[in-house]
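Chemist: So I've got this file, work.cif, and it contains mmCIF, C-alpha atoms:
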```cif
data_start
loop_
_atom_site.label_atom_id
_atom_site.label_comp_id
_atom_site.auth_asym_id
_atom_site.auth_seq_id
_atom_site.Cartn_x
_atom_site.Cartn_y
_atom_site.Cartn_z
CA MET A 363 8.92 -10.17 67.88
CA ALA A 364 9.79 -10.51 64.22
CA THR A 365 13.28 -9.40 63.32
CA VAL A 366 13.57 -7.20 60.30
CA ALA A 367 16.68 -7.72 58.25
CA ILE A 368 18.10 -4.41 57.22
CA PRO A 369 20.11 -4.65 54.02
CA ALA A 370 23.74 -4.41 54.95
CA ALA A 371 24.48 -2.24 51.94
CA LYS A 372 22.02 0.33 53.24
CA TRP A 373 23.95 0.74 56.46
CA ASN A 374 27.41 0.79 54.96
CA TRP A 375 26.99 3.92 53.00
CA VAL A 376 29.17 6.90 53.82
CA PRO A 377 27.17 9.37 55.88
CA PRO A 378 26.13 12.17 53.52
CA TYR A 379 27.05 15.04 55.80
CA SER A 380 30.61 13.92 56.44
CA GLN A 381 31.17 14.36 52.69
CA SER A 382 29.09 17.37 51.88
CA ARG A 383 30.01 19.63 54.76
CA ASP A 384 33.27 20.56 53.09
CA ALA A 385 31.60 20.97 49.74
CA GLN A 386 29.11 23.32 51.32
CA GLY A 387 32.05 25.41 52.47
CA ARG A 388 30.85 26.06 55.99
CA THR A 389 34.38 26.55 57.23
CA ALA A 390 35.76 28.99 59.76
CA LYS A 391 37.27 30.95 56.88
CA ASN A 392 33.84 31.42 55.30
CA LEU A 393 32.25 32.41 58.58
CA ASP A 394 34.98 34.99 59.01
CA ALA A 395 34.31 36.24 55.51
CA ASP A 396 30.61 36.60 56.37
CA ALA A 397 31.43 38.66 59.46
CA GLN A 398 33.77 40.91 57.45
CA LEU A 399 31.17 41.29 54.72
CA VAL A 400 28.56 42.37 57.25
CA GLU A 401 30.97 44.90 58.74
CA ARG A 402 31.66 46.36 55.29
CA CYS A 403 27.94 46.55 54.58
CA LEU A 404 27.36 48.41 57.83
CA ALA A 405 30.19 50.78 56.90
CA GLY A 406 28.13 51.73 53.85
CA GLN A 407 30.10 50.03 51.08
CA ASP A 408 27.81 49.30 48.14
CA ALA A 409 30.20 46.68 46.76
CA ALA A 410 29.87 44.74 50.03
CA TRP A 411 26.09 44.60 49.61
CA GLU A 412 26.55 43.21 46.14
CA ASP A 413 28.91 40.53 47.47
CA LEU A 414 26.54 39.65 50.30
CA VAL A 415 23.65 39.18 47.88
CA LYS A 416 25.80 37.17 45.47
CA VAL A 417 27.03 34.81 48.20
CA HIS A 418 23.66 34.13 49.84
CA THR A 419 21.04 34.40 47.07
CA ARG A 420 21.30 30.72 46.20
CA ARG A 421 20.71 29.57 49.78
CA VAL A 422 17.76 31.91 50.36
CA TYR A 423 16.16 31.12 47.00
CA SER A 424 16.60 27.38 47.56
CA ILE A 425 14.86 27.49 50.96
CA CYS A 426 12.03 29.60 49.55
CA TYR A 427 11.59 27.40 46.48
CA ARG A 428 11.63 24.14 48.43
CA PHE A 429 9.07 25.53 50.86
CA THR A 430 6.67 27.16 48.37
CA SER A 431 7.22 24.99 45.25
CA SER A 432 6.82 28.08 43.11
CA ASP A 433 9.63 29.79 41.24
CA ALA A 434 7.81 33.14 41.06
CA GLU A 435 6.94 33.13 44.77
CA ALA A 436 10.48 32.04 45.68
CA GLN A 437 11.95 34.91 43.65
CA ASP A 438 9.65 37.48 45.26
CA LEU A 439 10.35 36.11 48.73
CA THR A 440 14.12 36.09 48.13
CA GLN A 441 13.91 39.72 47.14
CA ASP A 442 11.86 40.51 50.26
CA VAL A 443 14.41 38.70 52.42
CA PHE A 444 17.28 40.84 51.14
CA LEU A 445 15.28 44.03 51.51
CA ARG A 446 14.63 43.03 55.11
CA VAL A 447 18.32 42.20 55.58
CA PHE A 448 19.16 45.66 54.30
CA LYS A 449 16.82 47.29 56.81
CA ASN A 450 17.68 45.10 59.80
CA LEU A 451 21.35 44.26 59.38
CA LYS A 452 22.18 46.62 62.24
CA SER A 453 20.30 44.29 64.58
CA PHE A 454 22.69 41.43 63.73
CA ARG A 455 25.41 40.94 66.32
CA SER A 456 28.26 38.72 65.13
CA GLY A 457 29.08 37.74 68.72
CA GLU A 458 25.62 36.27 69.26
CA GLY A 459 25.63 33.79 66.38
CA LEU A 460 26.39 33.09 62.78
CA PHE A 461 25.17 35.31 59.98
CA VAL A 462 23.88 32.25 58.11
CA VAL A 463 21.68 31.31 61.07
CA TRP A 464 20.43 34.90 61.37
CA LEU A 465 19.67 35.01 57.64
CA THR A 466 17.95 31.62 57.68
CA ARG A 467 15.82 32.62 60.66
CA LEU A 468 14.79 35.80 58.84
CA THR A 469 13.94 33.77 55.72
CA ARG A 470 11.98 31.24 57.73
CA ASN A 471 9.95 33.96 59.49
CA LEU A 472 9.10 35.50 56.15
CA LEU A 473 8.08 32.10 54.78
CA ILE A 474 5.81 31.43 57.75
CA ASP A 475 4.17 34.85 57.26
CA HIS A 476 3.71 34.04 53.60
CA TYR A 477 2.31 30.61 54.41
CA ARG A 478 -0.30 32.10 56.75
CA ARG A 479 -1.16 34.85 54.28
CA THR A 480 -1.73 32.44 51.37
CA ARG A 481 -3.61 29.79 53.33
CA MET A 482 -6.91 30.72 51.68
CA ASP A 483 -5.39 30.64 48.19
CA ARG A 484 -4.06 27.13 48.77
CA ALA A 485 -7.43 25.97 50.08
CA THR A 486 -9.13 27.12 46.87
CA GLU A 487 -6.42 25.71 44.58
CA SER A 488 -8.12 23.66 41.91
CA ILE A 489 -8.07 19.89 42.20
CA GLU A 490 -7.35 19.77 38.47
CA ASP A 491 -3.92 21.31 39.06
CA GLN A 492 -3.09 18.75 41.73
CA VAL A 493 -4.23 15.88 39.52
CA LYS A 494 -2.11 17.23 36.66
CA VAL A 495 1.05 17.29 38.82
CA LEU A 496 0.32 13.77 40.04
CA GLU A 497 -0.16 12.48 36.47
CA GLU A 498 3.09 14.08 35.31
CA THR A 499 4.99 12.57 38.25
CA THR A 500 3.51 9.12 37.64
CA ALA A 501 4.36 9.30 33.92
CA MET A 502 7.93 10.30 34.74
CA LEU A 503 8.31 7.43 37.18
CA ALA A 504 6.94 4.93 34.67
CA ARG A 505 9.51 6.16 32.17
CA THR A 506 12.42 5.91 34.61
CA ASP A 507 11.32 2.73 36.39
CA GLY A 508 11.36 4.47 39.76
CA MET A 509 15.08 5.27 39.64
CA LEU A 510 15.42 9.01 39.68
CA ALA A 511 18.24 11.50 39.95
CA GLY A 512 19.00 15.13 39.40
CA ARG A 513 16.26 17.33 38.03
CA GLU A 514 13.60 14.61 37.95
CA ALA A 515 14.35 13.60 41.52
CA SER A 516 14.12 17.26 42.46
CA GLU A 517 10.61 17.52 41.01
CA VAL A 518 9.44 14.36 42.77
CA LEU A 519 10.95 15.52 46.05
CA GLN A 520 9.21 18.86 45.60
CA ALA A 521 5.84 17.14 45.19
CA GLY A 522 6.58 15.05 48.30
CA LEU A 523 7.62 18.04 50.42
CA GLN A 524 4.30 19.72 49.73
CA LYS A 525 2.53 16.84 51.46
CA LEU A 526 4.37 17.52 54.72
CA SER A 527 3.19 19.90 57.42
CA PRO A 528 5.12 23.22 57.51
CA GLU A 529 7.01 22.20 60.69
CA LEU A 530 8.24 18.92 59.25
CA ARG A 531 8.88 20.44 55.82
CA GLU A 532 11.07 23.28 57.11
CA THR A 533 13.08 20.91 59.30
CA VAL A 534 13.76 18.52 56.41
CA ILE A 535 14.68 21.43 54.12
CA LEU A 536 17.08 23.00 56.61
CA ARG A 537 18.82 19.72 57.43
CA ASP A 538 18.74 17.59 54.30
CA LEU A 539 18.88 20.28 51.63
CA GLU A 540 20.56 23.24 53.33
CA GLU A 541 22.71 21.05 55.58
CA LEU A 542 22.52 23.15 58.71
CA GLU A 543 23.71 21.68 62.02
CA TYR A 544 21.04 20.53 64.51
CA ARG A 545 22.12 23.31 66.85
CA GLU A 546 21.71 25.88 64.09
CA ILE A 547 18.27 24.53 63.11
CA ALA A 548 17.25 24.71 66.77
CA GLN A 549 18.29 28.39 66.80
CA VAL A 550 16.44 29.13 63.58
CA LEU A 551 13.23 27.42 64.68
CA ASN A 552 13.61 28.42 68.31
CA VAL A 553 13.01 24.86 69.59
CA PRO A 554 15.24 22.40 71.50
CA GLU A 555 17.62 20.17 69.55
CA GLY A 556 15.65 17.09 70.61
CA THR A 557 12.54 18.52 68.95
CA VAL A 558 14.53 19.16 65.78
CA LYS A 559 15.65 15.52 65.65
CA SER A 560 12.18 14.23 66.39
CA ARG A 561 10.64 16.41 63.65
CA LEU A 562 13.36 15.33 61.27
CA ASN A 563 12.64 11.64 61.83
CA ARG A 564 8.91 12.16 61.41
CA GLY A 565 9.41 14.32 58.32
CA ARG A 566 11.75 11.83 56.66
CA ALA A 567 9.46 8.89 57.47
CA GLU A 568 6.43 10.74 56.11
CA LEU A 569 8.35 11.70 53.00
CA ALA A 570 9.39 8.08 52.51
CA ARG A 571 5.74 7.01 52.65
CA VAL A 572 4.74 9.68 50.11
CA LEU A 573 7.58 8.75 47.74
CA ARG A 574 6.77 5.07 48.03
CA ARG A 575 3.13 5.82 47.26
CA HIS A 576 4.38 7.46 44.05
CA LYS A 577 6.38 4.32 43.21
CA VAL A 578 9.76 5.89 43.89
CA ARG A 579 12.44 3.42 44.90
CA ILE A 580 14.14 4.52 48.11
CA MET B 426 17.33 1.26 74.78
CA THR B 427 13.70 2.35 74.33
CA CYS B 428 12.05 3.43 71.06
CA ALA B 429 11.94 7.06 72.29
CA GLU B 430 15.68 7.02 73.03
CA LEU B 431 16.35 5.52 69.63
CA GLU B 432 14.39 8.30 67.95
CA ILE B 433 16.71 10.91 69.46
CA LEU B 434 19.87 9.01 68.45
CA LEU B 435 18.66 7.96 65.01
CA CYS B 436 19.70 11.24 63.34
CA ASP B 437 23.27 10.88 64.60
CA TYR B 438 23.27 7.24 63.51
CA VAL B 439 22.16 8.17 59.99
CA ASP B 440 24.80 10.92 59.94
CA GLY B 441 27.42 8.36 60.90
CA THR B 442 28.48 10.26 64.00
CA LEU B 443 27.17 7.77 66.57
CA ARG B 444 29.99 5.77 68.14
CA GLY B 445 30.74 3.24 70.87
CA GLU B 446 28.16 1.82 73.21
CA GLU B 447 25.32 3.97 71.95
CA ARG B 448 25.78 2.68 68.43
CA THR B 449 25.87 -0.92 69.60
CA ALA B 450 22.77 -0.45 71.76
CA LEU B 451 20.92 1.21 68.90
CA GLU B 452 21.81 -1.55 66.43
CA SER B 453 20.71 -4.25 68.83
CA HIS B 454 17.40 -2.40 69.34
CA LEU B 455 16.91 -2.18 65.58
CA ALA B 456 17.47 -5.91 65.30
CA GLY B 457 14.66 -6.55 67.78
CA CYS B 458 12.10 -3.84 66.96
CA SER B 459 10.42 -3.96 63.54
CA ALA B 460 8.76 -0.55 63.91
CA CYS B 461 12.07 1.18 64.67
CA ALA B 462 13.82 -0.82 61.94
CA GLU B 463 11.23 0.38 59.42
CA LEU B 464 11.61 3.95 60.63
CA ALA B 465 15.39 3.72 60.31
CA LYS B 466 15.09 2.26 56.83
CA ASP B 467 12.75 5.03 55.71
CA VAL B 468 14.93 7.75 57.20
CA ALA B 469 18.08 6.37 55.62
CA GLY B 470 16.33 5.86 52.28
CA VAL B 471 15.02 9.40 52.11
CA THR B 472 18.38 10.83 53.12
CA ALA B 473 20.05 8.88 50.34
CA PHE B 474 17.35 9.92 47.85
CA ILE B 475 17.71 13.61 48.71
CA GLU B 476 21.46 13.30 48.07
CA THR B 477 20.64 12.60 44.40
CA VAL B 478 18.42 15.65 44.05
CA ALA B 479 19.66 18.54 41.90
CA PRO B 480 19.96 21.82 43.80
CA ALA B 481 17.37 24.53 43.20
CA GLU B 482 19.21 27.17 41.17
CA PRO B 483 17.94 30.74 41.17
CA PRO B 484 17.51 32.35 37.74
CA ALA B 485 20.38 34.64 36.73
CA GLU B 486 18.16 37.71 36.53
CA LEU B 487 17.15 37.39 40.20
CA LEU B 488 20.51 38.71 41.37
CA THR B 489 20.22 41.76 39.13
CA ARG B 490 16.64 42.31 40.27
CA ILE B 491 17.61 42.21 43.96
CA LEU B 492 20.61 44.52 43.48
CA HIS B 493 18.43 46.93 41.52
CA GLU B 494 15.79 46.98 44.26
CA LEU B 495 18.25 47.46 47.13
CA PRO B 496 18.55 51.10 48.10
CA THR B 497 22.20 52.12 48.24
CA GLY B 498 24.17 53.51 51.16
CA ARG B 499 21.29 54.08 53.57
CA PRO B 500 22.69 52.37 56.69
CA ALA B 501 25.95 54.32 56.39
CA ALA B 502 24.13 57.62 55.85
CA GLU B 503 22.68 57.40 59.33
CA LYS B 504 26.19 57.42 60.78
CA ARG B 505 27.28 60.60 58.96
CA SER B 506 27.79 63.88 60.77
CA TRP B 507 25.17 66.62 61.22
CA TRP B 508 26.79 69.02 58.74
CA TRP B 509 26.72 66.37 56.01
CA LYS B 510 23.03 65.77 56.69
CA LEU B 511 22.43 69.54 56.58
CA THR B 512 24.24 70.17 53.31
CA GLY B 513 25.10 66.98 51.47
CA GLY B 514 21.89 65.11 52.32
CA PRO B 515 19.38 67.46 50.67
CA VAL B 516 21.70 68.01 47.71
CA GLN B 517 22.12 64.25 47.29
CA ALA B 518 18.35 63.82 47.49
CA LEU B 519 17.82 66.48 44.83
CA LEU B 520 20.33 64.79 42.55
CA GLN B 521 18.22 61.66 42.36
CA PRO B 522 17.27 60.85 38.76
CA ARG B 523 13.55 61.55 39.26
CA TYR B 524 14.20 65.07 40.58
CA VAL B 525 16.78 65.86 37.92
CA MET B 526 14.34 64.64 35.27
CA GLY B 527 11.57 66.76 36.79
CA MET B 528 13.74 69.87 36.78
CA ALA B 529 14.78 69.27 33.18
CA MET B 530 11.15 68.89 32.11
CA THR B 531 10.22 72.14 33.93
CA VAL B 532 12.98 74.10 32.16
CA LEU B 533 11.92 72.60 28.83
CA SER B 534 8.26 73.49 29.44
CA PHE B 535 9.07 77.11 30.35
CA SER B 536 11.33 77.52 27.34
CA MET B 537 8.59 76.19 25.04
CA ILE B 538 6.00 78.53 26.59
CA ALA B 539 8.40 81.49 26.17
CA ARG B 540 8.98 80.53 22.56
CA PHE B 541 5.28 80.32 21.73
CA ALA B 542 4.54 83.56 23.63
CA HIS B 543 7.32 85.29 21.63
CA ILE B 544 9.28 86.25 24.74
CA GLU B 545 12.79 87.01 23.58
CA PRO B 546 15.43 86.63 26.27
CA ARG B 547 18.08 89.34 26.00
CA GLN B 548 21.52 89.81 27.56
CA LEU B 549 21.53 91.27 31.09
CA ARG B 550 23.50 94.49 31.69
CA PRO B 551 24.74 95.93 35.04
CA ALA B 552 22.31 98.81 34.69
CA ASP B 553 19.41 96.35 34.65
CA LEU B 554 20.21 95.40 38.24
CA ASP B 555 19.48 98.89 39.65
CA PRO B 556 16.68 98.38 42.26
CA VAL B 557 14.87 101.59 41.26
CA LYS B 558 14.90 100.56 37.67
CA ILE B 559 13.75 97.05 38.53
CA TRP B 560 10.90 98.44 40.66
CA ALA B 561 9.87 100.88 37.95
CA SER B 562 9.92 98.13 35.39
CA ILE B 563 7.83 95.81 37.56
CA ASP B 564 5.35 98.62 38.34
CA ASP B 565 5.08 99.57 34.69
CA ARG B 566 4.63 95.98 33.59
CA SER B 567 2.02 95.25 36.26
CA HIS B 568 -0.03 98.35 35.33
CA ARG B 569 0.19 97.52 31.66
CA MET B 570 -0.82 93.98 32.34
CA TRP B 571 -3.76 95.11 34.49
CA ASP B 572 -4.97 97.52 31.83
CA ARG B 573 -4.58 94.91 29.15
CA THR B 574 -6.51 92.38 31.20
CA MET B 575 -9.35 94.83 31.94
CA LYS B 576 -9.57 95.80 28.29
CA TYR B 577 -9.65 92.19 27.23
CA TYR B 578 -12.35 91.48 29.81
CA ASP B 579 -14.48 94.43 28.76
CA ASN B 580 -14.21 93.44 25.11
CA LEU B 581 -15.45 89.93 25.71
CA ARG B 582 -18.73 89.37 23.87
CA LEU B 583 -20.22 87.47 26.76
CA VAL B 584 -19.46 90.28 29.20
CA ILE B 585 -20.98 92.86 26.89
CA GLU B 586 -24.11 90.77 26.49
CA ILE B 587 -24.47 90.24 30.23
CA GLN B 588 -23.93 93.93 30.91
CA SER B 589 -26.52 95.03 28.30
CA ARG B 590 -29.04 92.45 29.61
CA LEU B 591 -28.55 93.70 33.17
CA LYS B 592 -29.05 97.28 31.98
CA GLU B 593 -32.30 96.30 30.25
CA TRP B 594 -33.57 94.63 33.38
CA THR B 595 -32.75 97.62 35.60
CA ASP B 596 -34.53 99.86 33.07
CA GLN B 597 -37.61 97.66 33.00
CA GLU B 598 -37.83 97.11 36.73
CA PRO B 599 -39.53 100.46 37.74
CA ALA B 600 -42.41 99.96 35.22
CA PRO B 601 -44.44 97.37 37.23
CA ASN B 602 -43.90 99.42 40.38
CA ALA B 603 -45.20 102.47 38.65
CA GLY B 604 -48.34 100.53 37.46
CA ALA B 605 -48.98 99.28 40.96
CA SER B 606 -48.79 102.77 42.49
CA LYS B 607 -51.15 104.07 39.79
CA GLN B 608 -53.76 101.41 40.64
CA LYS B 609 -53.37 102.21 44.33
CA ALA B 610 -53.92 105.88 43.68
CA GLU B 611 -57.02 105.21 41.59
CA SER B 612 -58.55 102.95 44.24
CA SER B 613 -57.99 105.61 46.91
CA GLY B 614 -59.57 108.27 44.66
CA GLN B 615 -56.48 110.28 44.22
CA LYS B 616 -55.23 111.35 40.87
CA PRO B 617 -51.79 110.15 40.13
CA GLU B 618 -49.32 112.89 39.71
CA ALA B 619 -48.39 113.46 36.14
CA GLY B 620 -44.82 112.61 35.21
CA THR B 621 -44.14 110.42 38.31
CA SER B 622 -43.44 107.37 36.26
CA GLU B 623 -41.43 109.38 33.86
CA LYS B 624 -39.37 110.77 36.72
CA LYS B 625 -38.69 107.31 38.04
CA ARG B 626 -37.72 106.12 34.64
#
```
Before we go any further, please render this structure as structure tokens.
Modeler:
Amino acid sequence: MATVAIPAAKWNWVPPYSQSRDAQGRTAKNLDADAQLVERCLAGQDAAWEDLVKVHTRRVYSICYRFTSSDAEAQDLTQDVFLRVFKNLKSFRSGEGLFVVWLTRLTRNLLIDHYRRTRMDRATESIEDQVKVLEETTAMLARTDGMLAGREASEVLQAGLQKLSPELRETVILRDLEELEYREIAQVLNVPEGTVKSRLNRGRAELARVLRRHKVRI
Amino acid sequence: MTCAELEILLCDYVDGTLRGEERTALESHLAGCSACAELAKDVAGVTAFIETVAPAEPPAELLTRILHELPTGRPAAEKRSWWWKLTGGPVQALLQPRYVMGMAMTVLSFSMIARFAHIEPRQLRPADLDPVKIWASIDDRSHRMWDRTMKYYDNLRLVIEIQSRLKEWTDQEPAPNAGASKQKAESSGQKPEAGTSEKKR
């Protein structure tokens, strides 16, 4: 069997999650703050609702945008999510899990409903639009010689995510972009942790193939 | 270590949380399996690429839009006591902007109608609140209004025309009957009585 030499530099990098976990702020203090915020909301404090929306809008919008690739749809879905939170917050029990997991599960369910509802629209989406996106991406890559970062990388990633199946896409989004724990993703998707890891590997590998096809250096 | 086992541990390896024997076993498997090595390379590459991606920022107006759409205070209202629901609830509901606006428009409409109809509001006195006086006033006003309405109706040109046409028809109606009875009398050899038709008319 041929041995494949893996570049040493590739394996010496600092694991991304050991750095970004703190930046994400998923500390016990924050989780406590979430629980208190929920209690205040249930007590009928309007200011608490405002705080809750302020704290979690970014996360919900990000998940919706990464899944749908449309700013308008992501905005509408984010609004729907918070309306649903408002109606169903009483069903959240802090002892049974984290608010973030509950909120993400709610968002994911809404996204799946939306995905099923718009299946026909996507099927009839014009090929011209797809070709246009592809041309723009290729032009951008030619300009940057395949080395992307920031906003441009975001657009390329977005195009790549759309090529994944919904199961793989949501797993990659929740882990690599929203940085949820495997256990939390398993709770959100209602699947075992092993399935989460398997989907994540397949999703990442598929995404790598798509990016490579678009001449992105990874 | 098999390829299936590696697939489960690969996520932890990429995260940097895999330690000890498992890490060693995984690395030795990667060194001997090109398919797994390629998978690991792809997974690590994508993870590193996603790290460079800018976060998706919601537009500033989205927050305002959501807060505007959220109804306020509803979950707490359900916990309030029965007397609040009985008194405060309906009052609170009536004080919503749409109802207040509706009431304001109604008052404005009535005041404009009163102005155009030359209805002059005057100051109320205690004597005006006497029930007998109120009843007499209502009775008087209703009779006057009835008379005025009837007079107006009778004076309508259309009504007068219809009434005169109906009168003409009722006057003309006996004539063909009278002609028919005359013919019948002649055919039976009887002489019609003089003045019958005149009587009918």
Chemist: Name every residue that the PyMOL selection byres ((chain B) within 7 of (chain A)) selects in this structure, writing the answer as an mmCIF file with C-alpha atoms, in the frame of the given file with chains first and numbers rising.
Modeler:
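The result, stored in selection_5.cif:
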```cif
data_model
loop_
_atom_site.group_PDB
_atom_site.id
_atom_site.type_symbol
_atom_site.label_atom_id
_atom_site.label_comp_id
_atom_site.auth_asym_id
_atom_site.auth_seq_id
_atom_site.Cartn_x
_atom_site.Cartn_y
_atom_site.Cartn_z
ATOM 1 C CA GLU B 432 14.390 8.300 67.950
ATOM 2 C CA ILE B 433 16.710 10.910 69.460
ATOM 3 C CA CYS B 436 19.700 11.240 63.340
ATOM 4 C CA VAL B 439 22.160 8.170 59.990
ATOM 5 C CA ASP B 440 24.800 10.920 59.940
ATOM 6 C CA GLY B 441 27.420 8.360 60.900
ATOM 7 C CA ALA B 456 17.470 -5.910 65.300
ATOM 8 C CA GLY B 457 14.660 -6.550 67.780
ATOM 9 C CA CYS B 458 12.100 -3.840 66.960
ATOM 10 C CA SER B 459 10.420 -3.960 63.540
ATOM 11 C CA ALA B 462 13.820 -0.820 61.940
ATOM 12 C CA LEU B 464 11.610 3.950 60.630
ATOM 13 C CA ASP B 467 12.750 5.030 55.710
ATOM 14 C CA VAL B 468 14.930 7.750 57.200
ATOM 15 C CA GLY B 470 16.330 5.860 52.280
ATOM 16 C CA VAL B 471 15.020 9.400 52.110
ATOM 17 C CA THR B 472 18.380 10.830 53.120
ATOM 18 C CA PHE B 474 17.350 9.920 47.850
ATOM 19 C CA ILE B 475 17.710 13.610 48.710
ATOM 20 C CA THR B 477 20.640 12.600 44.400
ATOM 21 C CA VAL B 478 18.420 15.650 44.050
ATOM 22 C CA ALA B 479 19.660 18.540 41.900
ATOM 23 C CA ALA B 481 17.370 24.530 43.200
ATOM 24 C CA GLU B 482 19.210 27.170 41.170
ATOM 25 C CA PRO B 483 17.940 30.740 41.170
ATOM 26 C CA LEU B 487 17.150 37.390 40.200
ATOM 27 C CA LEU B 488 20.510 38.710 41.370
ATOM 28 C CA ILE B 491 17.610 42.210 43.960
ATOM 29 C CA LEU B 492 20.610 44.520 43.480
ATOM 30 C CA LEU B 495 18.250 47.460 47.130
ATOM 31 C CA THR B 497 22.200 52.120 48.240
ATOM 32 C CA GLY B 498 24.170 53.510 51.160
ATOM 33 C CA PRO B 500 22.690 52.370 56.690
ATOM 34 C CA ALA B 501 25.950 54.320 56.390
#
```
Chemist: For a quick check of understanding, using only C-alpha atoms, which of A:Glu458, A:Asp396, A:Glu401, A:Glu532 has the smallest distance to Val417 of chain A?
Modeler: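 Looking at the shortest contact to Val417 of chain A, the residue is A:Asp396.
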Chemist: Find the distance between atom CA of Thr574 of chain B and atom CA of Gln588 of chain B and write it in Å to one decimal.
Modeler: 17.5 Å
Chemist: May I ask for the distance between atom CA of Thr427 of chain B and atom CA of His454 of chain B, given in Å to one decimal place?
Modeler: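 Interatomic distance, atom CA of Thr427 of chain B to atom CA of His454 of chain B: 7.8 Å.
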Chemist: Between atom CA of Pro528 of chain A and atom CA of Leu460 of chain A, what is the spacing in Å?
Modeler: 24.0 Å
Chemist: Would you kindly return, as a PDB file with C-alpha atoms, keeping the file's coordinate frame, each protein, DNA or RNA residue with an atom no farther than 8 Å from any atom of Gln524 of chain A, considering only C-alpha atoms and excluding same-chain residues fewer than 4 positions away?
Modeler:
```
ATOM      1  CA  PHE A 429       9.070  25.530  50.860  1.00  0.00           C
ATOM      2  CA  THR A 430       6.670  27.160  48.370  1.00  0.00           C
ATOM      3  CA  SER A 431       7.220  24.990  45.250  1.00  0.00           C
ATOM      4  CA  GLN A 520       9.210  18.860  45.600  1.00  0.00           C
ATOM      5  CA  ARG A 531       8.880  20.440  55.820  1.00  0.00           C
TER       6      ARG A 531
END
```
Chemist: Which residues, named as in the file, does the PyMOL selection byres ((chain A and resi 459) around 12) pick out? Answer as a PyMOL selection string.
Modeler: chain A and resi 393-394+396-397+453-458+460-467+545-546+549-550
